[in-house]
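**Q** This is the content of coords.cif (mmCIF, C-alpha atoms):
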```cif
data_coords
#
loop_
_atom_site.label_atom_id
_atom_site.label_comp_id
_atom_site.auth_asym_id
_atom_site.auth_seq_id
_atom_site.Cartn_x
_atom_site.Cartn_y
_atom_site.Cartn_z
CA MET A 1496 -4.53 -8.24 -22.81
CA ALA A 1497 -8.15 -7.81 -21.80
CA THR A 1498 -10.31 -5.04 -23.20
CA ARG A 1499 -11.10 -2.53 -20.48
CA SER A 1500 -13.71 0.19 -20.18
CA SER A 1501 -12.40 3.71 -19.81
CA PRO A 1502 -11.61 4.58 -16.19
CA PHE A 1503 -13.29 7.93 -16.72
CA VAL A 1504 -16.52 6.19 -17.65
CA ARG A 1505 -16.18 3.83 -14.71
CA ALA A 1506 -15.50 6.65 -12.26
CA PHE A 1507 -18.48 8.58 -13.55
CA VAL A 1508 -20.76 5.56 -13.13
CA LEU A 1509 -19.48 4.99 -9.60
CA ALA A 1510 -19.97 8.65 -8.72
CA ALA A 1511 -23.47 8.69 -10.18
CA ALA A 1512 -24.41 5.53 -8.26
CA ALA A 1513 -23.09 6.94 -4.99
CA PHE A 1514 -24.93 10.23 -5.39
CA PHE A 1515 -28.12 8.46 -6.43
CA ILE A 1516 -28.24 6.19 -3.40
CA SER A 1517 -27.32 9.07 -1.10
CA GLY A 1518 -30.76 10.47 -1.81
CA CYS A 1519 -32.43 7.46 -0.22
CA SER A 1520 -33.26 7.25 3.45
CA VAL A 1521 -33.81 4.10 5.48
CA GLU A 1522 -34.53 3.32 9.09
CA PRO A 1523 -31.17 2.24 10.57
CA TRP A 1524 -31.41 -1.37 11.73
CA VAL A 1525 -28.51 -0.84 14.13
CA LYS A 1526 -29.50 2.09 16.34
CA PRO A 1527 -26.95 4.72 17.34
CA TYR A 1528 -27.08 3.51 20.98
CA GLU A 1529 -26.24 -0.04 19.80
CA ARG A 1530 -22.91 0.94 18.29
CA ASP A 1531 -20.61 0.89 21.32
CA HIS A 1532 -18.86 -2.27 20.12
CA LEU A 1533 -18.36 -0.80 16.65
CA ALA A 1534 -16.93 2.38 18.17
CA ASP A 1535 -14.26 0.43 20.05
CA PRO A 1536 -10.82 1.26 18.56
CA ILE A 1537 -10.15 -2.48 18.03
CA MET A 1538 -12.95 -2.43 15.42
CA SER A 1539 -11.33 0.28 13.30
CA PHE A 1540 -10.29 -0.71 9.76
CA ASP A 1541 -7.35 1.68 10.08
CA ARG A 1542 -6.49 2.10 13.75
CA ASP A 1543 -3.00 3.57 13.21
CA PRO A 1544 -2.72 5.34 9.83
CA VAL A 1545 1.02 5.98 10.30
CA SER A 1546 1.57 2.22 10.51
CA SER A 1547 -0.90 1.06 7.83
CA SER A 1548 0.52 3.57 5.36
CA TYR A 1549 4.04 2.19 5.97
CA THR A 1550 2.85 -1.42 5.71
CA GLY A 1551 1.12 -0.62 2.41
CA HIS A 1552 4.33 0.89 1.08
CA VAL A 1553 6.33 -2.23 2.06
CA TYR A 1554 3.97 -4.45 0.06
CA GLU A 1555 3.58 -2.12 -2.92
CA ALA A 1556 7.35 -1.94 -3.41
CA ARG A 1557 7.69 -5.75 -3.54
CA GLU A 1558 4.51 -6.95 -5.23
CA GLY A 1559 3.03 -6.44 -8.69
CA ALA A 1560 -0.46 -5.68 -7.35
CA ARG A 1561 -1.44 -2.20 -6.18
CA GLY A 1562 -4.50 -0.30 -5.04
CA ALA A 1563 -7.56 -0.97 -2.86
CA THR A 1564 -5.34 -1.40 0.18
CA GLY A 1565 -7.70 0.47 2.46
CA GLY A 1566 -4.92 2.35 4.24
CA ALA A 1567 -4.15 6.02 4.12
CA GLY A 1568 -2.08 5.55 0.95
CA GLY A 1569 0.00 8.28 -0.58
CA GLY A 1570 2.69 8.78 -3.18
CA CYS A 1571 5.26 6.13 -3.64
CA GLY A 1572 8.18 6.79 -5.98
CA CYS A 1573 9.00 3.11 -5.53
CA ASN A 1574 9.56 2.07 -9.15
CA MET B 215 -10.76 3.97 3.00
CA ARG B 216 -10.78 6.43 5.83
CA ALA B 217 -11.65 4.98 9.20
CA GLY B 218 -14.80 6.08 10.98
CA HIS B 219 -17.68 8.11 9.63
CA ALA B 220 -17.83 10.90 7.10
CA GLY B 221 -19.78 12.99 9.62
CA VAL B 222 -16.95 13.13 12.17
CA LEU B 223 -13.55 14.74 11.69
CA PRO B 224 -10.55 12.48 12.38
CA GLU B 225 -9.14 12.65 15.91
CA ASP B 226 -6.28 15.00 16.81
CA ARG B 227 -3.18 12.87 17.21
CA ALA B 228 0.58 12.76 16.69
CA ASP B 229 2.61 9.66 15.80
CA VAL B 230 6.35 9.11 15.75
CA LEU B 231 7.32 5.86 14.03
CA LEU B 232 10.68 4.20 13.39
CA HIS B 233 10.67 1.52 10.73
CA SER B 234 13.21 -1.11 9.73
CA TYR B 235 13.12 -3.58 6.84
CA ASP B 236 15.82 -6.25 6.59
CA GLY B 237 15.69 -8.97 3.96
CA GLY B 238 17.16 -10.22 0.68
CA GLY B 239 20.36 -8.19 1.15
CA VAL B 240 18.41 -4.94 1.56
CA THR B 241 18.03 -2.84 4.68
CA ILE B 242 15.70 0.17 4.75
CA GLN B 243 15.24 2.30 7.83
CA GLY B 244 13.87 5.67 8.76
CA PRO B 245 11.29 7.69 10.66
CA SER B 246 7.73 8.68 9.88
CA LEU B 247 6.14 11.60 11.72
CA LEU B 248 2.41 12.20 11.37
CA VAL B 249 0.43 15.01 12.99
CA ARG B 250 -3.27 15.73 12.65
CA LYS B 251 -5.17 18.67 14.18
CA GLN B 252 -8.68 20.07 13.94
CA PHE B 253 -9.40 23.77 13.70
CA ALA B 254 -12.44 26.04 13.30
CA GLN B 255 -14.63 22.98 14.12
CA LYS B 256 -14.98 22.08 10.44
CA PHE B 257 -11.40 21.44 9.36
CA SER B 258 -8.66 18.95 10.10
CA VAL B 259 -5.14 19.38 8.77
CA SER B 260 -2.49 16.64 8.62
CA ALA B 261 1.20 16.55 7.78
CA ASN B 262 3.60 13.63 7.35
CA HIS B 263 7.37 13.48 7.04
CA TYR B 264 8.73 10.11 5.98
CA VAL B 265 12.25 8.86 5.21
CA ASP B 266 13.62 5.63 3.69
CA LYS B 267 17.40 5.12 4.08
CA VAL B 268 18.26 2.28 1.74
CA ASN B 269 21.33 0.04 1.76
CA SER B 270 20.95 -2.36 -1.12
CA ALA B 271 22.89 -5.49 -1.98
CA SER B 272 19.79 -7.19 -3.39
CA ILE B 273 19.89 -10.20 -5.73
CA ASP B 274 19.63 -7.83 -8.73
CA VAL B 275 22.39 -5.61 -7.42
CA VAL B 276 24.89 -8.36 -6.58
CA THR B 277 24.42 -10.10 -9.93
CA THR B 278 24.34 -7.09 -12.29
CA ALA B 279 25.60 -3.96 -10.46
CA SER B 280 27.30 -2.73 -7.27
CA PRO B 281 25.76 -2.32 -3.82
CA TYR B 282 24.46 1.21 -3.25
CA GLU B 283 23.02 3.52 -0.63
CA GLU B 284 20.27 6.06 -1.21
CA GLU B 285 17.66 8.05 0.63
CA ARG B 286 14.05 8.84 -0.18
CA THR B 287 12.25 11.66 1.61
CA GLN B 288 8.50 12.09 1.41
CA GLN B 289 6.46 15.04 2.66
CA SER B 290 2.71 15.21 2.57
CA VAL B 291 -0.02 17.58 3.71
CA GLY B 292 -3.77 17.08 3.76
CA LEU B 293 -6.87 19.06 4.62
CA ASP B 294 -10.29 17.67 5.52
CA TYR B 295 -13.44 19.78 5.51
CA LEU B 296 -16.61 18.62 7.21
CA HIS B 297 -20.00 19.95 6.13
CA ASP B 298 -23.05 18.26 7.60
CA ARG B 299 -22.59 14.59 6.65
CA TRP B 300 -20.16 15.36 3.88
CA MET B 301 -16.41 15.21 4.22
CA MET B 302 -14.08 16.56 1.59
CA ASN B 303 -10.33 16.18 1.56
CA ILE B 304 -7.47 17.41 -0.54
CA GLY B 305 -3.86 16.32 -0.28
CA PHE B 306 -0.42 16.76 -1.76
CA VAL B 307 2.53 14.37 -1.55
CA ASN B 308 6.09 15.01 -2.68
CA SER B 309 8.68 12.23 -2.79
CA GLU B 310 12.35 12.93 -3.57
CA GLU B 311 15.27 10.64 -4.35
CA ASN B 312 18.48 11.62 -6.12
CA ASP B 313 17.14 9.96 -9.30
CA TYR B 314 13.36 10.12 -8.82
CA THR B 315 10.84 12.86 -8.00
CA ALA B 316 7.12 12.20 -7.54
CA ASP B 317 4.35 14.75 -6.90
CA THR B 318 0.79 13.63 -6.24
CA PHE B 319 -2.37 15.70 -5.80
CA SER B 320 -5.46 14.00 -4.44
CA PHE B 321 -9.09 14.88 -3.88
CA GLY B 322 -11.76 12.90 -2.09
CA ILE B 323 -15.33 13.17 -0.89
CA SER B 324 -17.33 10.95 1.44
CA GLN B 325 -20.80 10.90 2.91
CA ASP B 326 -22.74 8.96 5.54
CA ILE B 327 -26.02 7.59 4.23
CA PHE B 328 -28.78 5.13 5.26
CA GLY B 329 -29.07 6.43 8.82
CA ASP B 330 -25.27 6.57 9.08
CA LEU B 331 -25.00 2.81 8.56
CA THR B 332 -23.10 3.33 5.33
CA THR B 333 -20.20 5.59 4.40
CA VAL B 334 -19.48 6.03 0.70
CA SER B 335 -16.27 7.67 -0.46
CA LEU B 336 -14.88 8.62 -3.84
CA GLY B 337 -11.33 9.70 -4.54
CA TYR B 338 -9.08 10.81 -7.36
CA SER B 339 -5.30 11.32 -7.46
CA LEU B 340 -3.02 12.67 -10.14
CA GLY B 341 0.68 11.93 -9.90
CA ASN B 342 3.59 13.21 -11.97
CA ASP B 343 6.96 11.49 -11.67
CA THR B 344 10.33 12.51 -13.09
CA VAL B 345 12.73 9.61 -13.52
CA GLY B 346 16.49 10.15 -13.77
CA ARG B 347 19.48 7.85 -13.98
CA ARG B 348 22.59 8.29 -11.85
CA GLY B 349 25.69 8.89 -13.96
CA ASP B 350 23.63 9.89 -17.00
CA ALA B 351 22.79 13.59 -16.89
CA ASN B 352 21.00 13.38 -20.25
CA PHE B 353 18.49 10.80 -19.04
CA SER B 354 15.14 12.23 -17.93
CA GLU B 355 11.73 10.62 -18.34
CA GLU B 356 8.22 11.44 -17.15
CA THR B 357 5.36 9.32 -15.83
CA GLU B 358 1.76 10.31 -15.19
CA ARG B 359 -0.34 8.29 -12.77
CA GLN B 360 -4.07 8.57 -12.07
CA HIS B 361 -6.02 6.81 -9.30
CA TYR B 362 -9.81 6.45 -9.10
CA ARG B 363 -11.09 5.12 -5.77
CA LEU B 364 -14.45 3.98 -4.46
CA GLY B 365 -14.89 2.94 -0.85
CA VAL B 366 -17.93 1.71 1.05
CA SER B 367 -17.98 1.07 4.78
CA GLN B 368 -21.11 -0.68 5.99
CA ILE B 369 -22.44 -1.52 9.46
CA LEU B 370 -24.10 -4.95 9.07
CA THR B 371 -24.94 -5.75 12.69
CA LYS B 372 -24.00 -4.24 16.03
CA ASN B 373 -20.91 -6.48 16.00
CA LEU B 374 -20.03 -6.69 12.29
CA MET B 375 -18.52 -4.14 9.89
CA LEU B 376 -17.97 -4.62 6.18
CA GLY B 377 -15.61 -2.61 4.01
CA PHE B 378 -15.41 -2.63 0.24
CA SER B 379 -12.90 -0.75 -1.87
CA PHE B 380 -12.23 -0.56 -5.55
CA GLU B 381 -9.37 1.26 -7.23
CA THR B 382 -8.40 1.79 -10.85
CA ILE B 383 -4.90 3.07 -11.55
CA THR B 384 -3.63 4.19 -14.96
CA ASP B 385 0.02 4.92 -15.72
CA GLU B 386 1.50 6.51 -18.78
CA GLY B 387 5.15 7.22 -19.46
CA PHE B 388 8.41 5.61 -18.41
CA LEU B 389 7.44 2.67 -16.20
CA ASN B 390 10.55 0.52 -15.91
CA ASN B 391 13.49 0.77 -13.61
CA PRO B 392 16.25 2.62 -15.52
CA TYR B 393 18.96 0.36 -14.06
CA ARG B 394 17.47 -3.13 -14.20
CA GLN B 395 18.48 -5.56 -16.93
CA VAL B 396 17.12 -8.67 -18.61
CA ARG B 397 19.29 -11.65 -19.46
CA TYR B 398 19.40 -13.58 -22.70
CA LEU B 399 21.19 -16.65 -23.98
CA ASP B 400 24.63 -15.79 -25.37
CA PRO B 401 26.86 -18.78 -26.21
CA THR B 402 29.82 -16.44 -26.82
CA THR B 403 30.21 -15.74 -23.08
CA PRO B 404 31.70 -18.15 -20.52
CA GLN B 405 28.52 -18.29 -18.41
CA GLY B 406 26.29 -18.69 -21.48
CA TYR B 407 24.20 -15.51 -21.08
CA SER B 408 24.46 -11.71 -21.24
CA TYR B 409 22.43 -8.73 -20.05
CA GLU B 410 20.70 -5.80 -21.74
CA ARG B 411 18.34 -3.07 -20.54
CA GLU B 412 14.71 -3.81 -19.75
CA VAL B 413 12.02 -2.32 -22.02
CA TYR B 414 8.48 -1.93 -20.67
CA PRO B 415 5.25 -0.78 -22.31
CA ARG B 416 4.57 2.92 -21.73
CA THR B 417 1.04 2.37 -20.41
CA ARG B 418 -0.46 0.27 -17.65
CA SER B 419 -3.96 0.12 -16.27
CA SER B 420 -4.99 -1.90 -13.22
CA ASP B 421 -8.11 -2.70 -11.22
CA ALA B 422 -8.14 -3.89 -7.63
CA GLY B 423 -11.17 -4.74 -5.51
CA ALA B 424 -11.09 -5.67 -1.83
CA LEU B 425 -13.63 -6.90 0.68
CA ARG B 426 -13.00 -6.64 4.43
CA LEU B 427 -14.96 -7.90 7.41
CA ARG B 428 -14.41 -7.04 11.03
CA TYR B 429 -16.30 -8.80 13.83
CA TYR B 430 -16.52 -7.98 17.54
CA LEU B 431 -16.38 -11.20 19.53
CA PRO B 432 -18.64 -11.95 22.55
CA TYR B 433 -15.75 -10.94 24.80
CA ARG B 434 -13.77 -7.75 24.03
CA ALA B 435 -11.69 -8.82 21.02
CA ALA B 436 -11.97 -8.53 17.23
CA VAL B 437 -11.31 -10.81 14.26
CA HIS B 438 -10.88 -9.58 10.73
CA ALA B 439 -10.68 -11.15 7.29
CA GLU B 440 -9.83 -9.61 3.94
CA TYR B 441 -9.67 -10.64 0.32
CA ARG B 442 -8.30 -8.56 -2.56
CA GLN B 443 -8.34 -9.40 -6.24
CA TYR B 444 -6.12 -7.63 -8.75
CA GLY B 445 -5.69 -7.57 -12.52
CA ASP B 446 -3.86 -5.33 -14.98
CA THR B 447 -3.18 -4.81 -18.69
CA TRP B 448 0.26 -6.44 -18.29
CA ALA B 449 -1.63 -9.71 -17.57
CA ILE B 450 -0.64 -9.80 -13.91
CA GLU B 451 -3.36 -11.29 -11.73
CA ALA B 452 -3.03 -11.44 -7.98
CA ASP B 453 -4.95 -12.59 -4.91
CA THR B 454 -4.40 -11.44 -1.35
CA PHE B 455 -5.93 -13.08 1.73
CA GLU B 456 -5.57 -11.87 5.29
CA ILE B 457 -6.94 -12.91 8.66
CA GLY B 458 -6.22 -11.36 12.00
CA TYR B 459 -7.11 -11.24 15.67
CA THR B 460 -6.93 -8.27 18.05
CA HIS B 461 -7.11 -8.88 21.80
CA PRO B 462 -6.99 -6.17 24.48
CA ILE B 463 -6.37 -7.24 28.07
CA GLU B 464 -6.58 -5.42 31.38
CA LEU B 465 -3.75 -3.11 32.40
CA GLY B 466 -3.73 -1.36 29.02
CA TRP B 467 -2.25 -3.95 26.68
CA THR B 468 -3.58 -4.82 23.21
CA PHE B 469 -2.11 -7.75 21.27
CA GLU B 470 -2.55 -8.51 17.60
CA GLY B 471 -1.73 -11.42 15.29
CA ARG B 472 -2.18 -11.58 11.51
CA PHE B 473 -1.50 -13.90 8.64
CA ARG B 474 -1.38 -12.62 5.06
CA SER B 475 -0.94 -14.65 1.90
CA TYR B 476 -0.25 -13.16 -1.53
CA SER B 477 0.19 -14.79 -4.94
CA GLN B 478 0.55 -13.44 -8.46
CA ASN B 479 1.29 -14.66 -11.95
CA LYS B 480 3.81 -13.01 -14.23
CA ALA B 481 3.49 -10.10 -16.64
CA ASP B 482 3.21 -11.32 -20.24
CA PHE B 483 6.57 -9.75 -21.18
CA TYR B 484 8.47 -11.18 -18.21
CA ALA B 485 11.07 -13.96 -18.58
CA ASP B 486 13.96 -15.09 -16.44
CA LEU B 487 15.99 -15.90 -19.57
CA PHE B 488 15.17 -14.67 -23.09
CA PRO B 489 16.29 -16.81 -26.09
CA ARG B 490 18.29 -13.94 -27.63
CA SER B 491 19.01 -10.21 -27.51
CA GLY B 492 16.02 -8.06 -28.52
CA TYR B 493 13.81 -11.16 -28.55
CA GLN B 494 10.58 -9.13 -28.27
CA ASN B 495 9.46 -5.49 -28.09
CA PHE B 496 8.93 -5.52 -24.31
CA MET B 497 11.23 -7.44 -22.01
CA ALA B 498 11.38 -7.50 -18.20
CA ARG B 499 13.27 -9.45 -15.58
CA ASP B 500 11.93 -7.65 -12.53
CA LYS B 501 11.11 -10.25 -9.88
CA GLU B 502 8.10 -8.13 -8.80
CA LEU B 503 6.63 -8.92 -12.26
CA SER B 504 7.34 -12.69 -12.04
CA THR B 505 5.18 -15.52 -10.73
CA PHE B 506 5.61 -15.76 -6.96
CA THR B 507 3.94 -16.16 -3.59
CA SER B 508 4.58 -14.40 -0.32
CA GLN B 509 3.39 -14.97 3.22
CA THR B 510 3.54 -12.62 6.19
CA ILE B 511 3.07 -13.39 9.87
CA ARG B 512 2.53 -10.38 12.13
CA LEU B 513 2.76 -10.03 15.89
CA GLY B 514 1.98 -6.68 17.47
CA ALA B 515 1.62 -5.23 20.94
CA SER B 516 0.32 -1.86 22.08
CA TYR B 517 0.47 -0.39 25.58
CA ASP B 518 -1.53 2.60 26.92
CA ILE B 519 0.92 4.98 28.57
CA VAL B 520 -1.23 7.98 29.49
CA ARG B 521 -4.32 6.45 31.00
CA GLY B 522 -6.57 9.14 32.41
CA GLY B 523 -4.73 11.89 30.54
CA TRP B 524 -1.81 14.17 31.33
CA LYS B 525 -1.96 17.94 30.76
CA PHE B 526 -3.22 18.42 27.19
CA VAL B 527 -2.63 14.75 26.24
CA GLU B 528 -5.81 12.66 26.44
CA ARG B 529 -4.17 9.30 25.87
CA GLY B 530 -1.03 7.74 24.46
CA THR B 531 0.25 4.38 23.28
CA VAL B 532 3.59 2.68 22.69
CA ASN B 533 3.45 0.12 19.89
CA VAL B 534 5.72 -2.61 18.52
CA ILE B 535 4.85 -4.54 15.35
CA LEU B 536 6.98 -7.30 13.80
CA ASP B 537 6.23 -8.77 10.38
CA HIS B 538 8.07 -11.84 9.16
CA MET B 539 7.77 -12.20 5.37
CA LEU B 540 8.66 -15.10 3.06
CA PHE B 541 8.99 -14.72 -0.73
CA ASP B 542 9.11 -17.75 -3.05
CA TYR B 543 9.73 -17.12 -6.75
CA GLU B 544 8.60 -19.64 -9.34
CA ASP B 545 10.38 -18.32 -12.44
CA PHE B 546 13.10 -16.00 -11.15
CA ARG B 547 16.39 -17.83 -10.77
CA ASP B 548 19.22 -17.26 -8.31
CA LEU B 549 22.16 -16.20 -10.50
CA ARG B 550 24.59 -16.25 -7.58
CA VAL B 551 24.73 -19.98 -8.41
CA THR B 552 27.17 -20.40 -11.30
CA GLY B 553 28.71 -23.34 -13.14
CA VAL B 554 25.35 -24.77 -14.21
CA PRO B 555 23.67 -24.46 -17.65
CA PRO B 556 21.76 -21.13 -18.07
CA GLY B 557 18.14 -21.54 -17.02
CA SER B 558 18.85 -24.39 -14.57
CA GLU B 559 19.90 -22.28 -11.57
CA PRO B 560 17.71 -22.81 -8.46
CA PHE B 561 14.69 -20.53 -8.02
CA TYR B 562 15.27 -17.54 -5.75
CA SER B 563 13.62 -17.12 -2.35
CA PHE B 564 14.24 -14.89 0.64
CA ASP B 565 12.73 -13.83 3.93
CA ALA B 566 12.50 -10.42 5.56
CA ASN B 567 11.83 -8.97 8.99
CA VAL B 568 9.95 -5.70 9.17
CA LEU B 569 9.90 -3.89 12.51
CA GLN B 570 7.80 -0.87 13.45
CA VAL B 571 8.13 0.92 16.78
CA PHE B 572 5.91 3.94 17.34
CA VAL B 573 4.37 6.18 19.95
CA SER B 574 1.01 7.88 19.45
CA PHE B 575 -0.57 10.72 21.41
CA TRP B 576 -4.15 11.97 21.22
CA PHE B 577 -4.76 15.54 22.32
#
```
Write the structure described by the file as structure tokens, please.
**A**
Amino acid sequence: MATRSSPFVRAFVLAAAAFFISGCSVEPWVKPYERDHLADPIMSFDRDPVSSSYTGHVYEAREGARGATGGAGGGCGCN
Amino acid sequence: MRAGHAGVLPEDRADVLLHSYDGGGVTIQGPSLLVRKQFAQKFSVSANHYVDKVNSASIDVVTTASPYEEERTQQSVGLDYLHDRWMMNIGFVNSEENDYTADTFSFGISQDIFGDLTTVSLGYSLGNDTVGRRGDANFSEETERQHYRLGVSQILTKNLMLGFSFETITDEGFLNNPYRQVRYLDPTTPQGYSYEREVYPRTRSSDAGALRLRYYLPYRAAVHAEYRQYGDTWAIEADTFEIGYTHPIELGWTFEGRFRSYSQNKADFYADLFPRSGYQNFMARDKELSTFTSQTIRLGASYDIVRGGWKFVERGTVNVILDHMLFDYEDFRDLRVTGVPPGSEPFYSFDANVLQVFVSFWF
């Protein structure tokens, strides 16, 4: 079994990184008025949360892997 | 990862979904109702009611137990709070079965940065499960589960979105199925093997990282691709690939196709057949911990039913999604085949059809 860093340490580092970069400001290279394609519902990563959450549950109950599914998630009780 | 930007509350909508899973001797059906509503301009509340009605005559059940029926009911509530470009959310989920109770609290925060080109989100969940065993009133075990999530959603060009998510999950407590058994060689029995209860480690820690791309084509359609890598302290490693295409046409139809491929190797304490009883400290014969691959093909269609609005409803859709899944196991054998030496039965495989029918209304 691989040695792993503490998840608490990892979460803290991730949080610190996120808060650090949030202080930066850059000129957006895609202007707000150029985002009509991105705003189209077909470009959503999670267009129908009720469906993606169910699909995630179907996979999680039948596969060893878990997490980072991108959907709405939620409790499982699927052991 | 929550869709959209941290600086905008999720849309008000209601969904009513019926789901049906049929494969490998198992059928699972039920509804899922999800409602989300904004209030006081800064808040959005959501509630979900979800049911799984299970009829199981799975490969495990037909070879070591009796077919059973059970029901799982899950209720969840969530609250989002928007402040400037910050979004905070809290949530609670309760899941109940006659032999399993799970409660999960979650907290998350997200913010738009870099001129709103980037959304960063962080999340934490704490889950407490109580595991029982039917027919054994004295059996009660606990499990604690913690999730740490990082998500980044990035606009790359005016037609290309990138999503990254990373999640660490730690479990501590009773992690095996209280009914499932392992098999071991036993020359004293006619079939040459016997069963005993599984024993799992009491801790597990996993990391998963996923990268997603979504591209708007020169005509109105989208393609997406996704890769996820997974590893845990039980030595399971897994890869998931997915590609998909979404195509709206005139008259309010949107069609979708997807292909997903998943593969994993086994946990280091998994075996289809152990050499003897109590062969090692931890022993599992759960096919979800074995080496296997699965593929899914999805076809979906969505139709706009309230174009132009009706009373307080702004728009509505009717949706049908069918997933066809194939599972191929590489070291889990089909014990319905008898009369052959133990360990030489054919490998198990099955396919499943998963149907979702739902209506959605935005108001």
**Q** Got a sec: who's within 6 Å of stretch 538-551 of chain B, counting only C-alpha atoms, leaving out chain neighbours fewer than 6 positions off, as a VMD selection string?
**A** chain B and resid 486 505 to 511 559 to 567
**Q** For stretch 522-530 of chain B, list every protein, DNA or RNA residue within 12 Å, evaluated using only C-alpha atoms, and leave out those in the same chain fewer than 6 positions away; present the list as a ChimeraX atom specification.
**A** /B:225-230,466-467,516,572-577
**Q** Atom CA of B:Tyr264 to atom CA of B:Ser419: how many Å, to one decimal?
**A**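 Separation of atom CA of B:Tyr264 and atom CA of B:Ser419: 27.5 Å.
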**Q** Near chain A, meaning an atom within 6 Å, which residues of chain B appear when counting only C-alpha atoms? Write them as a PyMOL selection string.
**A** chain B and resi 215+217+307+316+327-329+372+379-381+422-424+447+502-503
**Q** Grab the atom CA of B:Val437 to atom CA of B:Ile535 distance for me, in Å with one decimal place.
**A**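 Between these atoms lies a distance of 17.4 Å.
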**Q** Exactly which residues make up the result of the PyMOL selection byres ((chain B and resi 318) around 6) on this file, given as a count of residues only?
**A** 6
**Q** Take stretch 1553-1567 of chain A, bring it up to N, CA and C atoms, and give me the output as an mmCIF file, keeping the file's coordinate frame.
**A**
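Ended up saving to part-v5.cif:
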```
data_model
loop_
_atom_site.group_PDB
_atom_site.id
_atom_site.type_symbol
_atom_site.label_atom_id
_atom_site.label_comp_id
_atom_site.auth_asym_id
_atom_site.auth_seq_id
_atom_site.Cartn_x
_atom_site.Cartn_y
_atom_site.Cartn_z
ATOM 1 N N VAL A 1553 5.456 -1.048 2.067
ATOM 2 C CA VAL A 1553 6.330 -2.230 2.060
ATOM 3 C C VAL A 1553 5.833 -3.247 1.034
ATOM 4 N N TYR A 1554 4.520 -3.482 1.018
ATOM 5 C CA TYR A 1554 3.970 -4.450 0.060
ATOM 6 C C TYR A 1554 4.019 -3.923 -1.371
ATOM 7 N N GLU A 1555 3.660 -2.659 -1.556
ATOM 8 C CA GLU A 1555 3.580 -2.120 -2.920
ATOM 9 C C GLU A 1555 4.942 -2.130 -3.607
ATOM 10 N N ALA A 1556 6.010 -1.963 -2.818
ATOM 11 C CA ALA A 1556 7.350 -1.940 -3.410
ATOM 12 C C ALA A 1556 7.822 -3.337 -3.816
ATOM 13 N N ARG A 1557 7.198 -4.389 -3.289
ATOM 14 C CA ARG A 1557 7.690 -5.750 -3.540
ATOM 15 C C ARG A 1557 6.714 -6.651 -4.271
ATOM 16 N N GLU A 1558 5.523 -6.133 -4.563
ATOM 17 C CA GLU A 1558 4.510 -6.950 -5.230
ATOM 18 C C GLU A 1558 4.018 -6.232 -6.481
ATOM 19 N N GLY A 1559 3.539 -7.022 -7.455
ATOM 20 C CA GLY A 1559 3.030 -6.440 -8.690
ATOM 21 C C GLY A 1559 1.689 -5.749 -8.488
ATOM 22 N N ALA A 1560 0.873 -6.242 -7.549
ATOM 23 C CA ALA A 1560 -0.460 -5.680 -7.350
ATOM 24 C C ALA A 1560 -0.384 -4.343 -6.621
ATOM 25 N N ARG A 1561 -1.400 -3.523 -6.815
ATOM 26 C CA ARG A 1561 -1.440 -2.200 -6.180
ATOM 27 C C ARG A 1561 -2.886 -1.756 -6.093
ATOM 28 N N GLY A 1562 -3.156 -0.883 -5.151
ATOM 29 C CA GLY A 1562 -4.500 -0.300 -5.040
ATOM 30 C C GLY A 1562 -5.424 -1.073 -4.118
ATOM 31 N N ALA A 1563 -6.514 -0.393 -3.708
ATOM 32 C CA ALA A 1563 -7.560 -0.970 -2.860
ATOM 33 C C ALA A 1563 -7.002 -1.541 -1.562
ATOM 34 N N THR A 1564 -5.962 -0.882 -1.033
ATOM 35 C CA THR A 1564 -5.340 -1.400 0.180
ATOM 36 C C THR A 1564 -6.073 -0.943 1.440
ATOM 37 N N GLY A 1565 -6.909 0.079 1.312
ATOM 38 C CA GLY A 1565 -7.700 0.470 2.460
ATOM 39 C C GLY A 1565 -6.977 1.386 3.434
ATOM 40 N N GLY A 1566 -5.666 1.494 3.320
ATOM 41 C CA GLY A 1566 -4.920 2.350 4.240
ATOM 42 C C GLY A 1566 -4.954 3.794 3.779
ATOM 43 N N ALA A 1567 -4.149 4.601 4.427
ATOM 44 C CA ALA A 1567 -4.150 6.020 4.120
ATOM 45 C C ALA A 1567 -3.535 6.293 2.751
#
```
